[in-house]
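Before any comments, here is the structure.
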Amino acid sequence: MISIAKLSGAQALIESLKKEGVEVIFGLPGGAILPVYDVLYDSNIRHVLVKHEQSAAHMADGYARVSGRPGICMATSGPGATNLVTGIATAYMDSSPLIAVTGQVAKAMIGKDAFQEADIMGITTSITKYNFQPRTASEVPKVVRLAFQLASSGRPGPILIDLSRDVQTEVDEISFTENIGFSRLKHNIVPHPLQVEKAASMLLNAERPVILAGGGVIISNAWQQLLALAELLMVPVATTLMGKGCFPENHPLSLGVVGMHGTYEANKTILEADVLLAVGCRFSDRTTCNVSEFCPDAKIIHVDVDASEIGKNRKVDVPIVGDAGETLSKIYDMIVKSLCRKEKSLWLKRIEEIRSESENVYSSIQESNLSPIKILKELREILPYDAIVTTEVGQNQMWASLYFKVLKPRTFITSGGLGTMGFGFPASLGAKVAKPDTPVLDIAGDGSFMMTSNMLVTSVNENIPVMVVILNNSMLGMVAQWQRLFYGRRYSAVKLVNPDFVKIAEACGAMGVRIGSLEELKNAIGQALKSEVTTVIDVPISPEEDVFPMVPPGKGLKAMIYGALKTSSALAKRSERLKEMMD
Amino acid sequence: MLSVNDKGENYIVSILVENKPGVLYRVSNLFRRRNFNIESISVGPTEKREFSRMTITLNGDDATVEQLVKQLAKIIDVVKISLLNPKNTILRELALIKLYAKDSRARSDILNYAQIFKGKIVDTTEDAMTVEVVGTPDKINAFIKIALSFGIKEMARTGLTALERGG
């Protein structure tokens with residue numbers, strides 16, 4: 001179907017966004033994007049005004065991860081566009097379908113170092129799946145169509161559309177068409193049957209199989225296929241940080257998250273595997289730690305829709321390029337044909353053994369009265385099973401990953417790849433916009449929260465009530481932890497003198513409360529769930545609390561440590577030496 | 001020095017790309033971003049106006065080349081990628097070499113060598129001669145070796161371009 005109308009480029013953009021079903025844009029206006037904002041004024045698309053463009057990108061990203069639909073952010077040229085960059089890079093690393101629209105100076109001014117000109121095309125080329133700079137208004141509908149298709153197909157990722165001011169104002173006969181006739185949206189969704197067969201027989205003959213599920217399982221909405229296959233074969237499932245939630249963490253086969261701050265069960269079990277089915281993950285260094293020591297004895301089946309991920313970080317035995325859900329269900333079908341349900345094996349008994357070991361390990365981890373572990377476990381008790389949790393980055397994130405069990409996909413939103421501090425709060429607001437009836441809570445640290453806390457104002461003004469629990473240790477906690485463990489407690493630039501978070505919340509028109517016990521936390525969350533404004537819950541915790549288990553940097557998973565005492569003496573000696581040198 | 005050998009130390013990747021602004025940047029930016037070290041790249045038009053061909057030679061192991069091809073394939077503007085087998089490929093490079101030619105003996109020697117290499121003298125002044133040599137990189141390397149005995153004033157090489165043999 002083709003429709004033609006006489007429109008400006010700006011009108012063409014908004015029309016196109018409407019045709020894509022866009023309901024909300026997160027942004028901040030400025031000179032070079034004014035024509036678009038003028039059209040937006042009359043449109044029924046909701047605009048959420050942010051306090052800094054970085055937050056617009058994170059909001060749109062949070063919206064996209066929760067809804068599975070592209071999230072849109074908008075900014076002006078120059079500083080507006082460059083402020084988006086961290087948010088775009090965050091979305092790129094975590095394969096999130098973000099669409100960024102930026103204003104640009106007039107075509108004739110490009111390259112002249114005009115006011116508020118930045119080469120955002122050049123800047124974002126390596127952090128977007130693709131970027132566009134349409135030269136005429138008539139190109140706009142096709143560019144938008146392509147942007148949406150690219151952002152959300154195959155391995156999703158961010159797209160940037162850079163619109164020169166004169167392209168926005170130019171009026172022309174604009175045609176809108178469903179079919180853009182672009183045949184090169186490259187992705188192999190359907191796995192090769194021979195590879196599927198190989199994988200199935202490898203899994204059937206495995207004695208100690210493990211599934212490692214990544215963010216790709218969530219992106220492809222493949223959790224049911226994953227659950228079915230895991231239960232059919234009685235295979236334990238570990239996830240990456242990005243995959244957290246794709247397999248219910250209260251399921252008897254769930255091992256939790258694997259990696260540098262993986263659970264004891266996951267890290268221990270995966271090392272003993274003889275066959276590893278890795279789906280929708282990329283063997284990142286935070287997951288594998290030392291990749292050469294990662295599952296050294298296992299045959300590896302790697303399923304990913306992005307062919308370039310296969311063999312990039314880890315050599316594999318059975319590469320399968322395909323959609324996670326498609327592939328898992330094909331493997332399932334193949335296995336169902338050849339067997340009845342597997343019975344409890346020696347392997348599952350071994351895993352029970354590991355689980356009981358893990359209880360000793362966890363009880364050996366030193367905890368204060370109001371420890372983050374207790375807080376996170378309590379939060380799981382209080383929050384409904386489908387509540388959405390976002391995290392900031394650092395200790396808060398790793399505690400959440402370890403001790404907050406996620407039961408439903410798309411309810412745990414975190415910056416995994418880029419590790420962007422300040423992501424959690426705006427992402428929680430984006431999540432709330434996508435799911436207004438679901439409680440949303442940001443697990444924050446005091447350091448991260450300070451980075452984007454100005455968005456409290458937006459949350460109040462735009463009626464987006466969320467909850468923030470600040471695990472407040474007056475430290476850049478994760479850096480402090482490394483300094484404590486590996487730099488002889490030389491706390492360089494990590495001590496924070498924070499403002500009063502309760503007063504900050506109140507000054508912005510939000511609720512603020514400081515709690516000192518789990519009982520008070522329970523009450524505060526109970527109130528917050530009913531509140532019509534955002535609630536900030538400040539929880540002062542000990543600055544000495546470390547996240548354990550932990551795999552020291554550069555080591556393999558088996559070098560996991562559970563307390564500061566187990567730190568290698570070599571490192572301690574090194575920091576002693578460093579100290580002497582400084583004296 | 002560039003040499004395409006049978007041991008496969010150098011790989012030749014031929015890619016057909018959309019002929020539009022920014023594509024060369026996307027491709028070269030990818031090399032930088034992913035830490036690929038390329039030996040040469042040449043770009044030019046093809047039989048179809050909407051496409052350009054890029055010929056890339058790089059030195060690396062199989063895994064590196066596999067990654068390069070897979071990463072290139074993700075660029076939307078890349079239409080087709082072929083990894084060329086040097087044995088079954090026509091390889092050409094053009095070099096312009098300006099040599100010191102101070103006396104008549106040097107001049108006649110340069111002329112002779114150029115003829116042996118089926119090269120052409122394309123410019124001459126009182127004390128220099130410019131030779132154009134076309135051929136495989138090996139052939140050009142061989143000529144350069146000789147040229148060094150006269151002294152090279154300046155040189156420009158196009159980088160390798162290539163097409164697979166047969167229909």
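The chains in the structure tokens are called A, B, ... from first to last as shown; in each chain the residues are counted from 1, and the ligands are counted from 1 in the order shown.
Residue-level contacts from chain B to chain A at 8 Å, counting only C-alpha atoms, read Arg26, Asn29, Leu30, Arg33, Ala63, Gln67, Lys70, Gln71, Lys74, Ile75, Ile76 and Val79 of chain B.
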Keeping C-alpha atoms for every residue in the selection just given, could you write it to a file as a short mmCIF file (atom, residue, chain, number, x, y, z; two decimals), in the first residue's frame?
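out34.cif written:
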data_model
loop_
_atom_site.label_atom_id
_atom_site.label_comp_id
_atom_site.auth_asym_id
_atom_site.auth_seq_id
_atom_site.Cartn_x
_atom_site.Cartn_y
_atom_site.Cartn_z
CA ARG B 26 32.18 2.08 7.47
CA ASN B 29 36.28 1.97 10.54
CA LEU B 30 35.45 -1.68 11.09
CA ARG B 33 37.37 -0.97 15.61
CA ALA B 63 40.39 -17.25 12.61
CA GLN B 67 36.06 -12.88 11.86
CA LYS B 70 31.71 -12.26 9.31
CA GLN B 71 32.01 -8.71 10.60
CA LYS B 74 27.07 -7.40 8.98
CA ILE B 75 27.55 -4.05 7.26
CA ILE B 76 24.31 -3.42 5.44
CA VAL B 79 26.41 -6.86 -0.95
#
Exercise. Name all residues at most 9 Å from region 44-50 of chain B (count only C-alpha atoms; drop same-chain ones fewer than 4 positions away) and give them as a ChimeraX atom specification.
Key: /B:16-20,54-55
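Using only C-alpha atoms for every distance, the candidate list A:Ser175, A:Ala91, A:Leu34, A:His52 yields A:Ser175 as the residue closest to Ala5 (chain A).
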Practice problem: Would you return as a ChimeraX atom specification the members of region 129-362 of chain A that DSSP assigns to strand (DSSP E or B) on this structure's backbone? | Solution: /A:130-132,159-164,171-177,209-213,237-239,254-257,275-279,299-304,318-321
Generate a file of the selected residues that holds N, CA and C atoms, formatted as a short mmCIF file (atom, residue, chain, number, x, y, z; two decimals), in the first residue's frame.
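Contents of part-v4.cif, as written:
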data_model
loop_
_atom_site.label_atom_id
_atom_site.label_comp_id
_atom_site.auth_asym_id
_atom_site.auth_seq_id
_atom_site.Cartn_x
_atom_site.Cartn_y
_atom_site.Cartn_z
N TYR A 130 23.43 0.59 12.43
CA TYR A 130 23.52 1.40 11.23
C TYR A 130 23.10 2.82 11.58
N ASN A 131 23.57 3.78 10.78
CA ASN A 131 23.06 5.13 10.97
C ASN A 131 22.77 5.78 9.62
N PHE A 132 21.79 6.66 9.64
CA PHE A 132 21.29 7.26 8.40
C PHE A 132 21.39 8.78 8.48
N ILE A 159 19.93 2.24 16.19
CA ILE A 159 20.01 2.90 14.89
C ILE A 159 19.93 4.40 15.15
N LEU A 160 20.72 5.16 14.41
CA LEU A 160 20.64 6.61 14.56
C LEU A 160 20.18 7.24 13.24
N ILE A 161 19.26 8.18 13.36
CA ILE A 161 18.82 8.94 12.19
C ILE A 161 19.19 10.39 12.41
N ASP A 162 20.07 10.91 11.58
CA ASP A 162 20.56 12.27 11.72
C ASP A 162 19.85 13.13 10.68
N LEU A 163 19.07 14.10 11.16
CA LEU A 163 18.24 14.88 10.24
C LEU A 163 18.71 16.33 10.16
N SER A 164 19.23 16.69 9.01
CA SER A 164 19.62 18.09 8.82
C SER A 164 18.39 18.98 8.95
N VAL A 171 9.68 20.81 1.97
CA VAL A 171 8.35 20.24 1.71
C VAL A 171 8.38 19.55 0.35
N ASP A 172 7.81 18.38 0.29
CA ASP A 172 7.86 17.61 -0.96
C ASP A 172 6.68 16.64 -0.98
N GLU A 173 6.48 16.02 -2.15
CA GLU A 173 5.53 14.92 -2.25
C GLU A 173 6.17 13.73 -1.55
N ILE A 174 5.60 13.31 -0.45
CA ILE A 174 6.21 12.23 0.32
C ILE A 174 5.38 10.97 0.14
N SER A 175 6.02 9.89 -0.23
CA SER A 175 5.25 8.65 -0.36
C SER A 175 5.64 7.68 0.75
N PHE A 176 4.61 7.06 1.30
CA PHE A 176 4.81 6.07 2.36
C PHE A 176 4.49 4.70 1.82
N THR A 177 5.39 3.81 2.00
CA THR A 177 5.11 2.46 1.52
C THR A 177 5.51 1.44 2.58
N PRO A 209 25.75 -32.60 30.87
CA PRO A 209 25.40 -31.43 30.04
C PRO A 209 25.00 -30.21 30.89
N VAL A 210 25.30 -29.05 30.38
CA VAL A 210 24.85 -27.80 31.00
C VAL A 210 24.39 -26.87 29.88
N ILE A 211 23.33 -26.11 30.14
CA ILE A 211 22.90 -25.07 29.20
C ILE A 211 23.35 -23.72 29.75
N LEU A 212 23.96 -22.91 28.89
CA LEU A 212 24.30 -21.54 29.24
C LEU A 212 23.44 -20.63 28.37
N ALA A 213 22.51 -19.94 29.01
CA ALA A 213 21.56 -19.12 28.24
C ALA A 213 21.88 -17.64 28.40
N VAL A 237 20.52 -25.29 34.07
CA VAL A 237 20.63 -24.09 33.25
C VAL A 237 21.32 -22.98 34.03
N ALA A 238 22.43 -22.52 33.50
CA ALA A 238 23.07 -21.31 34.02
C ALA A 238 22.77 -20.20 33.02
N THR A 239 22.80 -18.96 33.46
CA THR A 239 22.61 -17.86 32.52
C THR A 239 23.79 -16.90 32.62
N SER A 254 17.67 -24.49 37.84
CA SER A 254 18.38 -23.21 37.67
C SER A 254 19.63 -23.15 38.53
N LEU A 255 20.71 -22.70 37.92
CA LEU A 255 21.97 -22.55 38.65
C LEU A 255 22.28 -21.09 38.97
N GLY A 256 21.55 -20.18 38.32
CA GLY A 256 21.84 -18.76 38.50
C GLY A 256 22.85 -18.28 37.46
N VAL A 257 23.43 -17.13 37.76
CA VAL A 257 24.31 -16.47 36.79
C VAL A 257 25.74 -16.99 36.94
N VAL A 275 29.32 -31.39 28.00
CA VAL A 275 28.73 -30.74 26.82
C VAL A 275 28.07 -29.45 27.30
N LEU A 276 28.41 -28.35 26.64
CA LEU A 276 27.80 -27.07 27.00
C LEU A 276 27.00 -26.57 25.80
N LEU A 277 25.70 -26.38 26.04
CA LEU A 277 24.86 -25.77 25.01
C LEU A 277 24.74 -24.29 25.34
N ALA A 278 25.45 -23.46 24.58
CA ALA A 278 25.43 -22.02 24.81
C ALA A 278 24.49 -21.38 23.81
N VAL A 279 23.47 -20.70 24.32
CA VAL A 279 22.45 -20.11 23.44
C VAL A 279 22.36 -18.61 23.63
N LYS A 299 32.61 -30.19 25.18
CA LYS A 299 32.28 -29.92 23.78
C LYS A 299 31.28 -28.77 23.81
N ILE A 300 31.49 -27.82 22.94
CA ILE A 300 30.63 -26.64 23.00
C ILE A 300 29.74 -26.51 21.76
N ILE A 301 28.44 -26.41 22.03
CA ILE A 301 27.47 -26.11 20.97
C ILE A 301 27.12 -24.63 21.15
N HIS A 302 27.29 -23.85 20.12
CA HIS A 302 27.02 -22.42 20.26
C HIS A 302 25.95 -21.98 19.26
N VAL A 303 24.84 -21.52 19.79
CA VAL A 303 23.74 -21.05 18.96
C VAL A 303 23.68 -19.53 19.04
N ASP A 304 23.77 -18.86 17.91
CA ASP A 304 23.59 -17.41 17.91
C ASP A 304 23.10 -16.96 16.55
N VAL A 318 30.22 -27.31 17.80
CA VAL A 318 29.07 -27.31 16.89
C VAL A 318 28.54 -25.88 16.79
N PRO A 319 28.92 -25.17 15.73
CA PRO A 319 28.38 -23.82 15.54
C PRO A 319 26.99 -23.90 14.90
N ILE A 320 26.06 -23.14 15.44
CA ILE A 320 24.73 -23.08 14.83
C ILE A 320 24.31 -21.63 14.70
N VAL A 321 24.18 -21.17 13.46
CA VAL A 321 23.69 -19.81 13.23
C VAL A 321 22.17 -19.91 13.10
#
Name the residues in contact with Thr57 (chain B) at a cut-off of 6 Å, using only C-alpha atoms, excluding same-chain residues fewer than 2 positions from it; report them as a PDB file with N, CA and C atoms, in the first residue's frame.
ATOM      1  N   TYR B  11      45.667 -13.003   2.783  1.00  0.00           N
ATOM      2  CA  TYR B  11      44.337 -13.333   2.300  1.00  0.00           C
ATOM      3  C   TYR B  11      43.842 -12.182   1.440  1.00  0.00           C
ATOM      4  N   ILE B  12      43.079 -12.538   0.429  1.00  0.00           N
ATOM      5  CA  ILE B  12      42.494 -11.512  -0.419  1.00  0.00           C
ATOM      6  C   ILE B  12      40.987 -11.596  -0.293  1.00  0.00           C
ATOM      7  N   GLU B  39      46.804  -5.044   4.862  1.00  0.00           N
ATOM      8  CA  GLU B  39      48.004  -4.709   4.086  1.00  0.00           C
ATOM      9  C   GLU B  39      47.670  -3.651   3.043  1.00  0.00           C
ATOM     10  N   SER B  40      46.553  -3.864   2.369  1.00  0.00           N
ATOM     11  CA  SER B  40      46.173  -2.870   1.363  1.00  0.00           C
ATOM     12  C   SER B  40      44.687  -2.924   1.121  1.00  0.00           C
TER      13      SER B  40
END
Quiz item: Which residue out of A:Ile120, A:Phe148, A:Ser138, A:Met260 has the minimum interatomic distance to Ile4 (chain A) when only C-alpha atoms are used?
Solution: A:Ser138
Quiz item: Thr240 (chain A): which residues within 7 Å, counting only C-alpha atoms, same-chain residues fewer than 3 positions away excluded, as a list in words?
Solution: Ala213, Gly214, Gly243, Lys244, Val257, Val258 and Thr287 of chain A
Got time to write the residues from that selection, C-alpha atoms, as a PDB file, in the first residue's frame?
ATOM      1  CA  ALA A 213      21.556 -19.120  28.241  1.00  0.00           C
ATOM      2  CA  GLY A 214      22.288 -15.517  27.333  1.00  0.00           C
ATOM      3  CA  GLY A 243      20.230 -13.880  30.260  1.00  0.00           C
ATOM      4  CA  LYS A 244      19.140 -13.543  33.884  1.00  0.00           C
ATOM      5  CA  VAL A 257      24.309 -16.470  36.794  1.00  0.00           C
ATOM      6  CA  VAL A 258      27.771 -17.635  35.800  1.00  0.00           C
ATOM      7  CA  THR A 287      31.127 -14.553  31.949  1.00  0.00           C
TER       8      THR A 287
END
Self-check item: Residue contacts of Tyr332 (chain A) (8 Å, only C-alpha atoms) excluding same-chain residues fewer than 5 positions away, as a PyMOL selection string
Solution: chain A and resi 200+225+228-229+232
Exercise. Name all residues at most 12 Å from region 135-140 of chain B (count only C-alpha atoms; drop same-chain ones fewer than 6 positions away) and give them as a PyMOL selection string.
Key: chain B and resi 1-5+10+39-40+57+86+89-97+114+116-119+146-147+155-162
Just-selected residues, N, CA and C atoms written as an mmCIF file, in the first residue's frame:
data_model
loop_
_atom_site.group_PDB
_atom_site.id
_atom_site.type_symbol
_atom_site.label_atom_id
_atom_site.label_comp_id
_atom_site.auth_asym_id
_atom_site.auth_seq_id
_atom_site.Cartn_x
_atom_site.Cartn_y
_atom_site.Cartn_z
ATOM 1 N N MET B 1 56.718 -6.490 3.184
ATOM 2 C CA MET B 1 56.334 -6.316 1.774
ATOM 3 C C MET B 1 55.195 -7.245 1.387
ATOM 4 N N LEU B 2 54.384 -6.788 0.545
ATOM 5 C CA LEU B 2 53.211 -7.559 0.159
ATOM 6 C C LEU B 2 53.590 -8.736 -0.719
ATOM 7 N N SER B 3 53.163 -9.901 -0.322
ATOM 8 C CA SER B 3 53.327 -11.026 -1.219
ATOM 9 C C SER B 3 52.212 -12.012 -0.972
ATOM 10 N N VAL B 4 51.582 -12.426 -2.029
ATOM 11 C CA VAL B 4 50.498 -13.386 -1.891
ATOM 12 C C VAL B 4 51.089 -14.756 -2.140
ATOM 13 N N ASN B 5 51.118 -15.568 -1.119
ATOM 14 C CA ASN B 5 51.768 -16.845 -1.305
ATOM 15 C C ASN B 5 50.808 -18.004 -1.076
ATOM 16 N N ASN B 10 48.807 -14.433 3.354
ATOM 17 C CA ASN B 10 48.033 -13.267 2.950
ATOM 18 C C ASN B 10 46.693 -13.711 2.390
ATOM 19 N N GLU B 39 46.804 -5.044 4.862
ATOM 20 C CA GLU B 39 48.004 -4.709 4.086
ATOM 21 C C GLU B 39 47.670 -3.651 3.043
ATOM 22 N N SER B 40 46.553 -3.864 2.369
ATOM 23 C CA SER B 40 46.173 -2.870 1.363
ATOM 24 C C SER B 40 44.687 -2.924 1.121
ATOM 25 N N THR B 57 43.653 -6.859 1.090
ATOM 26 C CA THR B 57 44.585 -7.939 1.435
ATOM 27 C C THR B 57 44.970 -7.770 2.886
ATOM 28 N N PRO B 86 44.244 -17.365 -4.187
ATOM 29 C CA PRO B 86 45.235 -16.756 -5.087
ATOM 30 C C PRO B 86 45.510 -17.612 -6.323
ATOM 31 N N THR B 89 42.898 -16.837 -9.129
ATOM 32 C CA THR B 89 42.503 -15.428 -9.149
ATOM 33 C C THR B 89 43.496 -14.613 -9.967
ATOM 34 N N ILE B 90 42.967 -13.672 -10.714
ATOM 35 C CA ILE B 90 43.852 -12.743 -11.414
ATOM 36 C C ILE B 90 44.133 -11.588 -10.456
ATOM 37 N N LEU B 91 45.411 -11.420 -10.181
ATOM 38 C CA LEU B 91 45.815 -10.379 -9.240
ATOM 39 C C LEU B 91 46.626 -9.333 -9.976
ATOM 40 N N ARG B 92 46.314 -8.078 -9.780
ATOM 41 C CA ARG B 92 47.094 -7.014 -10.410
ATOM 42 C C ARG B 92 47.298 -5.857 -9.450
ATOM 43 N N GLU B 93 48.467 -5.248 -9.638
ATOM 44 C CA GLU B 93 48.736 -4.032 -8.906
ATOM 45 C C GLU B 93 49.511 -3.122 -9.840
ATOM 46 N N LEU B 94 49.368 -1.833 -9.662
ATOM 47 C CA LEU B 94 50.130 -0.902 -10.480
ATOM 48 C C LEU B 94 51.034 -0.086 -9.567
ATOM 49 N N ALA B 95 52.293 0.085 -10.018
ATOM 50 C CA ALA B 95 53.223 0.898 -9.237
ATOM 51 C C ALA B 95 53.827 1.970 -10.142
ATOM 52 N N LEU B 96 53.950 3.156 -9.611
ATOM 53 C CA LEU B 96 54.693 4.226 -10.283
ATOM 54 C C LEU B 96 55.949 4.473 -9.452
ATOM 55 N N ILE B 97 57.109 4.316 -10.118
ATOM 56 C CA ILE B 97 58.364 4.406 -9.369
ATOM 57 C C ILE B 97 59.272 5.444 -10.030
ATOM 58 N N ALA B 114 63.011 -1.996 -17.352
ATOM 59 C CA ALA B 114 61.581 -1.735 -17.513
ATOM 60 C C ALA B 114 61.005 -2.638 -18.590
ATOM 61 N N ILE B 116 62.152 -5.580 -19.556
ATOM 62 C CA ILE B 116 62.091 -6.963 -19.058
ATOM 63 C C ILE B 116 60.817 -7.178 -18.250
ATOM 64 N N PHE B 117 60.458 -6.161 -17.467
ATOM 65 C CA PHE B 117 59.262 -6.276 -16.620
ATOM 66 C C PHE B 117 57.994 -5.805 -17.339
ATOM 67 N N LYS B 118 58.090 -5.629 -18.637
ATOM 68 C CA LYS B 118 56.985 -5.090 -19.433
ATOM 69 C C LYS B 118 56.430 -3.792 -18.830
ATOM 70 N N GLY B 119 57.371 -3.005 -18.280
ATOM 71 C CA GLY B 119 56.978 -1.719 -17.720
ATOM 72 C C GLY B 119 57.107 -0.627 -18.766
ATOM 73 N N ILE B 146 65.340 -4.274 -7.931
ATOM 74 C CA ILE B 146 66.301 -3.758 -8.907
ATOM 75 C C ILE B 146 66.383 -2.230 -8.816
ATOM 76 N N ALA B 147 65.189 -1.631 -8.689
ATOM 77 C CA ALA B 147 65.128 -0.168 -8.662
ATOM 78 C C ALA B 147 65.968 0.402 -7.527
ATOM 79 N N MET B 155 57.705 6.714 -4.717
ATOM 80 C CA MET B 155 56.988 5.563 -5.254
ATOM 81 C C MET B 155 55.528 5.623 -4.827
ATOM 82 N N ALA B 156 54.642 5.143 -5.698
ATOM 83 C CA ALA B 156 53.228 5.003 -5.327
ATOM 84 C C ALA B 156 52.720 3.664 -5.834
ATOM 85 N N ARG B 157 52.088 2.892 -4.963
ATOM 86 C CA ARG B 157 51.492 1.616 -5.376
ATOM 87 C C ARG B 157 49.990 1.685 -5.159
ATOM 88 N N THR B 158 49.235 1.058 -6.044
ATOM 89 C CA THR B 158 47.782 1.161 -5.937
ATOM 90 C C THR B 158 47.208 0.217 -4.904
ATOM 91 N N GLY B 159 47.956 -0.796 -4.513
ATOM 92 C CA GLY B 159 47.349 -1.873 -3.726
ATOM 93 C C GLY B 159 46.729 -2.852 -4.696
ATOM 94 N N LEU B 160 46.487 -4.019 -4.167
ATOM 95 C CA LEU B 160 46.066 -5.115 -5.031
ATOM 96 C C LEU B 160 44.610 -4.983 -5.451
ATOM 97 N N THR B 161 44.354 -5.317 -6.709
ATOM 98 C CA THR B 161 42.966 -5.521 -7.113
ATOM 99 C C THR B 161 42.875 -6.904 -7.743
ATOM 100 N N ALA B 162 41.704 -7.510 -7.677
ATOM 101 C CA ALA B 162 41.635 -8.916 -8.058
ATOM 102 C C ALA B 162 40.263 -9.310 -8.559
#
Self-check item: Interatomic distance, CA of Glu272 (chain A) to CA of Ile351 (chain A) (Å, one decimal)
Solution: 10.0 Å
Practice problem: Would you please give, as a ChimeraX atom specification, all residues of chain B that DSSP assigns to alpha helix (DSSP H) based on the backbone? | Solution: /B:23-33,62-73,104-116,137-150
Quiz prompt | Contact residues around Gly9 (chain A) with only C-alpha atoms at 12 Å, ignoring same-chain residues under 4 positions, as a VMD selection string | solution = chain A and resid 5 13 to 16 33 35 to 36 38 to 39 103 134 to 144 163 to 175
